[in-house]
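Enquirer: To be precise about what I am sending: the file is called input-v1.txt and holds compact mmCIF, C-alpha atoms.
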```txt
# COMPACT_ATOMS: atom_id res chain seq x y z
CA MET A 1 9.84 14.27 -31.45
CA SER A 2 7.48 16.66 -29.65
CA ILE A 3 3.95 16.41 -28.37
CA THR A 4 2.01 19.51 -29.38
CA HIS A 5 -1.17 20.68 -27.72
CA PRO A 6 -2.98 24.01 -28.11
CA ASP A 7 -2.14 24.85 -24.49
CA ILE A 8 0.96 22.73 -23.91
CA ASP A 9 4.07 22.46 -26.03
CA MET A 10 6.66 20.30 -24.38
CA PRO A 11 9.27 17.72 -25.43
CA ALA A 12 8.06 14.16 -24.97
CA LYS A 13 11.42 13.14 -23.51
CA ARG A 14 11.03 15.62 -20.64
CA ILE A 15 7.61 14.20 -19.79
CA SER A 16 8.68 10.56 -19.74
CA SER A 17 11.67 11.22 -17.51
CA ALA A 18 9.49 12.54 -14.68
CA ALA A 19 5.95 11.25 -15.06
CA PRO A 20 5.53 8.52 -17.70
CA GLU A 21 2.15 8.80 -19.37
CA LYS A 22 -0.12 5.80 -19.30
CA PRO A 23 -1.37 4.37 -22.60
CA GLU A 24 -4.81 5.74 -21.81
CA GLY A 25 -5.95 9.10 -20.52
CA VAL A 26 -5.68 12.75 -21.47
CA ALA A 27 -2.13 14.11 -21.37
CA ALA A 28 -3.09 17.50 -19.92
CA VAL A 29 -5.15 15.88 -17.17
CA ASN A 30 -2.30 13.49 -16.34
CA ARG A 31 0.06 16.45 -15.99
CA ALA A 32 -2.38 18.36 -13.79
CA LEU A 33 -2.71 15.34 -11.53
CA THR A 34 1.08 15.04 -11.41
CA VAL A 35 1.24 18.63 -10.15
CA LEU A 36 -1.47 17.98 -7.57
CA GLN A 37 0.23 14.79 -6.36
CA ALA A 38 3.46 16.73 -5.79
CA PHE A 39 1.82 18.25 -2.69
CA ASN A 40 1.53 14.83 -1.01
CA GLN A 41 4.85 15.29 0.78
CA ALA A 42 4.69 19.08 1.08
CA PRO A 43 2.18 20.20 3.74
CA ASP A 44 3.85 23.65 3.87
CA GLY A 45 3.39 24.21 0.15
CA LEU A 46 5.66 24.44 -2.87
CA THR A 47 7.12 27.26 -4.90
CA LEU A 48 6.98 27.18 -8.68
CA ALA A 49 10.62 26.11 -8.81
CA MET A 50 9.97 23.32 -6.32
CA LEU A 51 7.01 22.11 -8.37
CA GLY A 52 9.23 22.04 -11.43
CA ALA A 53 11.83 19.95 -9.60
CA ALA A 54 9.19 17.59 -8.18
CA THR A 55 7.31 17.00 -11.44
CA GLY A 56 9.92 17.45 -14.17
CA LEU A 57 7.55 19.77 -16.03
CA TYR A 58 8.46 23.17 -17.41
CA GLU A 59 7.44 26.11 -15.23
CA SER A 60 5.42 27.66 -18.05
CA THR A 61 3.40 24.45 -18.31
CA ILE A 62 2.96 24.25 -14.53
CA LEU A 63 1.62 27.81 -14.43
CA ARG A 64 -1.10 26.95 -16.95
CA LEU A 65 -2.01 23.82 -15.01
CA LEU A 66 -2.07 25.77 -11.74
CA ASP A 67 -4.49 28.26 -13.25
CA SER A 68 -6.97 25.42 -13.88
CA LEU A 69 -6.38 23.85 -10.47
CA MET A 70 -6.91 27.21 -8.74
CA LEU A 71 -10.15 27.80 -10.66
CA ALA A 72 -11.40 24.52 -9.22
CA ASN A 73 -10.12 25.48 -5.73
CA TYR A 74 -7.82 22.46 -5.69
CA VAL A 75 -4.79 24.74 -5.25
CA LYS A 76 -4.32 28.13 -3.58
CA LYS A 77 -1.54 30.65 -4.05
CA LEU A 78 -0.24 32.30 -0.86
CA ALA A 79 1.00 35.87 -0.57
CA ASP A 80 4.63 34.74 -0.40
CA GLY A 81 4.35 32.89 -3.72
CA ARG A 82 3.97 29.38 -2.36
CA TYR A 83 1.21 27.12 -3.62
CA VAL A 84 -0.78 24.89 -1.24
CA VAL A 85 -3.65 22.44 -1.56
CA GLY A 86 -6.97 24.26 -1.65
CA PRO A 87 -10.36 23.60 -0.06
CA GLY A 88 -11.71 21.99 -3.24
CA VAL A 89 -10.10 18.69 -2.30
CA MET A 90 -12.08 18.41 0.93
CA PRO A 91 -15.37 17.23 -0.63
CA LEU A 92 -13.43 14.61 -2.59
CA ALA A 93 -11.72 13.39 0.57
CA GLU A 94 -15.05 13.19 2.38
CA MET A 95 -16.65 11.25 -0.48
CA TYR A 96 -13.73 8.85 -0.40
CA ARG A 97 -14.03 8.33 3.36
CA GLN A 98 -17.76 7.66 3.07
CA SER A 99 -17.37 5.17 0.22
CA PHE A 100 -14.21 3.44 1.47
CA LYS A 101 -14.56 -0.13 2.65
CA LEU A 102 -11.33 -1.89 3.50
CA SER A 103 -12.83 -5.26 2.56
CA ASP A 104 -13.35 -4.07 -1.03
CA TYR A 105 -9.57 -3.87 -1.37
CA VAL A 106 -8.41 -6.63 0.97
CA LEU A 107 -10.61 -9.54 -0.10
CA PRO A 108 -9.66 -9.55 -3.81
CA ARG A 109 -5.97 -9.58 -2.86
CA LEU A 110 -6.43 -12.39 -0.35
CA ARG A 111 -8.46 -14.43 -2.85
CA ALA A 112 -5.72 -14.00 -5.43
CA LEU A 113 -3.08 -15.01 -2.89
CA THR A 114 -4.98 -18.14 -1.83
CA ALA A 115 -5.67 -19.08 -5.44
CA GLU A 116 -1.98 -18.84 -6.29
CA THR A 117 -0.54 -20.50 -3.17
CA GLU A 118 -3.42 -22.87 -2.28
CA GLU A 119 -2.91 -21.89 1.35
CA CYS A 120 -5.02 -19.99 3.91
CA SER A 121 -4.50 -16.25 3.76
CA GLY A 122 -5.56 -13.44 6.05
CA LEU A 123 -5.11 -9.85 7.08
CA TYR A 124 -4.28 -9.09 10.71
CA VAL A 125 -4.43 -5.65 12.29
CA ARG A 126 -3.33 -4.35 15.66
CA GLU A 127 -5.98 -4.24 18.36
CA GLY A 128 -4.41 -2.75 21.48
CA ASP A 129 -1.65 -5.10 22.59
CA GLN A 130 -3.00 -7.94 20.45
CA ARG A 131 -3.80 -8.59 16.81
CA ILE A 132 -7.12 -9.49 15.28
CA CYS A 133 -7.90 -11.52 12.19
CA LEU A 134 -9.85 -9.02 10.10
CA HIS A 135 -10.33 -11.12 6.95
CA HIS A 136 -9.56 -14.74 6.16
CA ILE A 137 -9.74 -16.84 2.98
CA GLN A 138 -9.47 -20.63 2.88
CA PRO A 139 -8.30 -22.76 -0.05
CA GLN A 140 -10.07 -25.75 -1.55
CA ARG A 141 -7.96 -28.30 0.32
CA SER A 142 -8.96 -31.18 2.52
CA VAL A 143 -6.26 -30.29 5.09
CA ARG A 144 -5.97 -26.61 5.90
CA SER A 145 -5.47 -24.26 8.81
CA HIS A 146 -8.62 -22.55 10.01
CA VAL A 147 -8.72 -19.12 11.60
CA ARG A 148 -11.96 -17.38 12.47
CA GLU A 149 -12.36 -13.73 11.62
CA GLY A 150 -12.55 -11.53 14.69
CA VAL A 151 -10.37 -13.78 16.86
CA LEU A 152 -7.62 -12.06 18.87
CA PHE A 153 -4.06 -13.39 18.96
CA PRO A 154 -0.90 -12.31 20.81
CA LEU A 155 1.59 -10.09 19.02
CA ASP A 156 4.68 -11.97 20.12
CA ARG A 157 3.73 -15.27 18.50
CA GLY A 158 3.21 -15.86 14.80
CA ALA A 159 4.55 -14.17 11.68
CA ALA A 160 1.76 -11.57 11.46
CA GLY A 161 2.33 -10.46 15.05
CA ARG A 162 6.07 -10.25 14.49
CA VAL A 163 5.50 -8.02 11.45
CA ILE A 164 3.27 -5.69 13.47
CA LEU A 165 5.87 -5.48 16.24
CA ALA A 166 8.61 -4.79 13.69
CA PHE A 167 6.86 -2.12 11.62
CA ASP A 168 4.32 -0.59 14.03
CA TYR A 169 6.02 -0.84 17.40
CA GLN A 170 9.47 -0.54 15.76
CA LEU A 171 10.98 -2.99 18.23
CA GLU A 172 14.75 -3.26 17.98
CA GLY A 173 16.96 -6.33 18.00
CA GLU A 174 16.28 -9.73 16.51
CA PRO A 175 14.14 -10.92 14.86
CA TYR A 176 12.73 -7.44 14.21
CA ASP A 177 15.81 -5.91 12.57
CA THR A 178 15.88 -8.80 10.11
CA ILE A 179 12.12 -8.59 9.46
CA ARG A 180 12.41 -4.90 8.59
CA ALA A 181 15.46 -5.52 6.41
CA GLN A 182 13.94 -8.37 4.40
CA GLY A 183 10.34 -7.14 4.44
CA TYR A 184 8.69 -10.31 5.74
CA ALA A 185 8.57 -12.72 8.69
CA ILE A 186 8.53 -16.52 8.76
CA THR A 187 7.66 -18.48 11.88
CA GLN A 188 7.16 -22.15 12.69
CA LYS A 189 5.17 -23.63 15.58
CA GLU A 190 4.82 -20.27 17.36
CA ARG A 191 1.09 -19.62 17.52
CA ASP A 192 0.08 -23.12 16.44
CA PRO A 193 2.43 -26.09 17.04
CA GLU A 194 1.18 -27.71 13.83
CA SER A 195 1.64 -24.81 11.40
CA ALA A 196 4.08 -22.31 9.93
CA ALA A 197 3.30 -18.81 8.73
CA ILE A 198 4.68 -16.16 6.39
CA ALA A 199 3.62 -12.53 6.75
CA CYS A 200 4.34 -9.23 4.98
CA PRO A 201 3.50 -5.68 6.02
CA VAL A 202 0.73 -3.70 4.33
CA PHE A 203 1.13 0.07 4.35
CA GLY A 204 -1.35 2.86 3.84
CA HIS A 205 -1.12 6.59 3.35
CA ASP A 206 2.02 8.27 4.71
CA GLY A 207 3.70 4.89 5.00
CA LYS A 208 1.78 3.91 8.11
CA LEU A 209 1.30 0.22 8.78
CA VAL A 210 -2.23 -0.98 8.09
CA GLY A 211 -1.64 -4.58 9.11
CA ALA A 212 0.04 -7.82 8.16
CA MET A 213 -0.93 -10.08 5.27
CA SER A 214 -0.28 -13.69 6.19
CA ILE A 215 -0.48 -17.21 4.85
CA VAL A 216 -0.62 -20.24 7.17
CA ILE A 217 0.82 -23.58 6.08
CA PRO A 218 0.32 -26.92 7.87
CA LEU A 219 3.70 -27.96 9.21
CA TYR A 220 3.74 -31.34 7.44
CA ARG A 221 3.45 -29.47 4.12
CA TYR A 222 6.01 -26.78 4.96
CA SER A 223 9.48 -26.84 3.38
CA ASP A 224 12.12 -24.56 1.89
CA GLN A 225 10.69 -25.34 -1.55
CA VAL A 226 7.23 -24.25 -0.42
CA VAL A 227 8.66 -20.99 0.94
CA LYS A 228 10.44 -20.40 -2.36
CA ARG A 229 7.17 -20.92 -4.21
CA VAL A 230 4.79 -18.87 -2.06
CA LEU A 231 6.98 -16.04 -0.77
CA PRO A 232 6.99 -14.08 -4.07
CA ALA A 233 3.18 -14.38 -4.20
CA ILE A 234 2.53 -12.93 -0.75
CA ARG A 235 5.09 -10.19 -1.22
CA LYS A 236 3.43 -9.22 -4.50
CA GLN A 237 -0.10 -9.17 -3.07
CA ALA A 238 1.00 -7.21 0.02
CA ARG A 239 2.70 -4.67 -2.21
CA LEU A 240 -0.36 -4.38 -4.47
CA LEU A 241 -2.68 -3.98 -1.47
CA SER A 242 -0.39 -1.26 -0.10
CA GLN A 243 -0.69 0.54 -3.43
CA ASP A 244 -4.48 0.09 -3.36
CA LEU A 245 -4.56 1.77 0.04
CA GLY A 246 -2.37 4.69 -0.95
CA GLY A 247 0.91 3.33 0.39
CA ALA A 248 4.23 2.93 -1.37
```
Render the structure in this file as structure tokens.
Expert:
Amino acid sequence: MSITHPDIDMPAKRISSAAPEKPEGVAAVNRALTVLQAFNQAPDGLTLAMLGAATGLYESTILRLLDSLMLANYVKKLADGRYVVGPGVMPLAEMYRQSFKLSDYVLPRLRALTAETEECSGLYVREGDQRICLHHIQPQRSVRSHVREGVLFPLDRGAAGRVILAFDYQLEGEPYDTIRAQGYAITQKERDPESAAIACPVFGHDGKLVGAMSIVIPLYRYSDQVVKRVLPAIRKQARLLSQDLGGA
């Protein structure tokens, strides 16, 4: 079966193998965006053949899409035949920077995490040689750990600090090798003698660490069963937040 368009005639199987179309949206626009996104990892530009390999689209289709992208100044063609991102993307990037508020992305994820786990959740970011609690959500529980936003904590104590040391500082040896391998850190009685914590990394554009998403559990309530219940939730929300912020 083929998908036919006045400007694009291409087997549906070829499309789905490289860039599955979403149930909604315009197919031609989705393909143009796929071409544009191929430049994310190619600051030196791409040839037509390289674009074909990166997108899975036919070169004839890519050429038609490039014509539209070049008309909008989103793509430029160099004298040697390579294509690079054009100046048209700069106003979009500036509008994004002006409208971007980290809290708009972080708080919904933390609220979802706290609602699912019924534990305190927070996002910690590096501040020099320490970490700071940037956002914090508390559950509706009578006994809970309380952390004030804006408070600084050491990096070498607590799950969030360990995650930052593992993924930002890239410290070697244990426990950092294990934290990187498994994608999370669990600590007990490190920062607070009466609590345990679980933290996962949050990544942004280019795979850079944004911070550590963490949940804090009172020690009397902590157990292997609790870890088994809440670990998938924090890993999911950290992954979704990373995607929100342009990370993997």
Enquirer: Within 12 Å of (0.3, -9.2, -7.8) (coordinates as in the file), grab all the protein and nucleic acid residues, counting only C-alpha atoms, and write them out as a PyMOL selection string.
Expert: chain A and resi 108-116+231-244
Enquirer: So the first atom is CA of Ala166 in chain A and the second is CA of Val202 in chain A; what is the distance between them in Å, to one decimal place?
Expert: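 Computed distance, CA of Ala166 in chain A to CA of Val202 in chain A, equals 12.3 Å.
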Enquirer: CA of Arg180 in chain A and CA of His136 in chain A are how many Å apart?
Expert: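 Between CA of Arg180 in chain A and CA of His136 in chain A the gap works out to 24.2 Å.
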Enquirer: List the neighbours of Lys208 in chain A out to 12 Å using only C-alpha atoms; skip same-chain residues closer than 3 positions along the sequence, and give me the result as a list of chain:residue names.
Expert: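 What passes the distance filter is A:Ile164, A:Phe167, A:Asp168, A:Tyr169, A:Gln170, A:Pro201, A:Val202, A:Phe203, A:Gly204, A:His205, A:Gly211, A:Ala212, A:Ser242, A:Leu245, A:Gly246, A:Gly247, A:Ala248.
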Enquirer: Kindly give the distance, in Å, that separates CA of Leu209 in chain A and CA of Asp224 in chain A, rounded to a single decimal.
Expert: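 Interatomic distance here is 27.9 Å.
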Enquirer: For Tyr83 in chain A, work out the shell of residues within 12 Å, counting all atoms listed in the file and skipping chain neighbours fewer than 5 positions away, then give it as a list in words.
Expert: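 Residues near the query, excluding close chain neighbours: Val35, Leu36, Ala38, Phe39, Ala42, Pro43, Asp44, Gly45, Leu46, Thr47, Leu48, Ala49, Met50, Leu51, Ile62, Leu63, Leu66, Asp67, Leu69, Met70, Asn73, Tyr74, Val75, Lys76, Lys77 and Leu78 of chain A.
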Enquirer: Give me the box for range 204-220 of chain A as AutoDock Vina command-line options, namely the centre and edge lengths in Å to one decimal of a box along x, y and z that holds every listed atom plus 6 Å on each side.
Expert:
```
--center_x 0.8 --center_y -11.5 --center_z 6.3 --size_x 18.0 --size_y 51.6 --size_z 17.9
```
Enquirer: Of the candidates A:Cys133, A:Leu71, A:Val151, A:Val89, which one gets nearest to Gln37 in chain A if we count only C-alpha atoms?
Expert: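 Using only C-alpha atoms, the shortest distance to Gln37 in chain A belongs to A:Val89.
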Enquirer: So which one's closest to Ala196 in chain A, A:Arg31, A:Arg131, A:Arg221, A:Lys228? Using all atoms listed in the file, please.
Expert: A:Arg221
Enquirer: Counting all atoms listed in the file, which residue out of A:Val210, A:Asp156, A:Tyr176, A:Leu219 sits closest to Pro193 in chain A?
Expert: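 Residue with the minimum atom-to-atom distance to Pro193 in chain A: A:Leu219.
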Enquirer: For a cutoff of 8 Å around the file-coordinate point (-1.1, -24.2, 7.2), which residues qualify once you count all atoms listed in the file? I'd like the result as a list in words.
Expert: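 It turns out the residues near that spot are Glu119, Cys120, Arg144, Ser145, Glu194, Ser195, Ala196, Ala197, Ile215, Val216, Ile217, Pro218, Leu219, Arg221 and Tyr222 of chain A.
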Enquirer: For the residues in the current selection, export C-alpha atoms as a PDB file, in the frame of the given file.
Expert:
```pdb
ATOM      1  CA  GLU A 119      -2.910 -21.890   1.350  1.00  0.00           C
ATOM      2  CA  CYS A 120      -5.020 -19.990   3.910  1.00  0.00           C
ATOM      3  CA  ARG A 144      -5.970 -26.610   5.900  1.00  0.00           C
ATOM      4  CA  SER A 145      -5.470 -24.260   8.810  1.00  0.00           C
ATOM      5  CA  GLU A 194       1.180 -27.710  13.830  1.00  0.00           C
ATOM      6  CA  SER A 195       1.640 -24.810  11.400  1.00  0.00           C
ATOM      7  CA  ALA A 196       4.080 -22.310   9.930  1.00  0.00           C
ATOM      8  CA  ALA A 197       3.300 -18.810   8.730  1.00  0.00           C
ATOM      9  CA  ILE A 215      -0.480 -17.210   4.850  1.00  0.00           C
ATOM     10  CA  VAL A 216      -0.620 -20.240   7.170  1.00  0.00           C
ATOM     11  CA  ILE A 217       0.820 -23.580   6.080  1.00  0.00           C
ATOM     12  CA  PRO A 218       0.320 -26.920   7.870  1.00  0.00           C
ATOM     13  CA  LEU A 219       3.700 -27.960   9.210  1.00  0.00           C
ATOM     14  CA  ARG A 221       3.450 -29.470   4.120  1.00  0.00           C
ATOM     15  CA  TYR A 222       6.010 -26.780   4.960  1.00  0.00           C
TER      16      TYR A 222
END
```
Enquirer: Nearest residue to Ser214 in chain A out of A:Val85, A:Leu152, A:Leu171, A:Ile137, using all atoms listed in the file?
Expert: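 Result for the nearest residue to Ser214 in chain A: A:Ile137.
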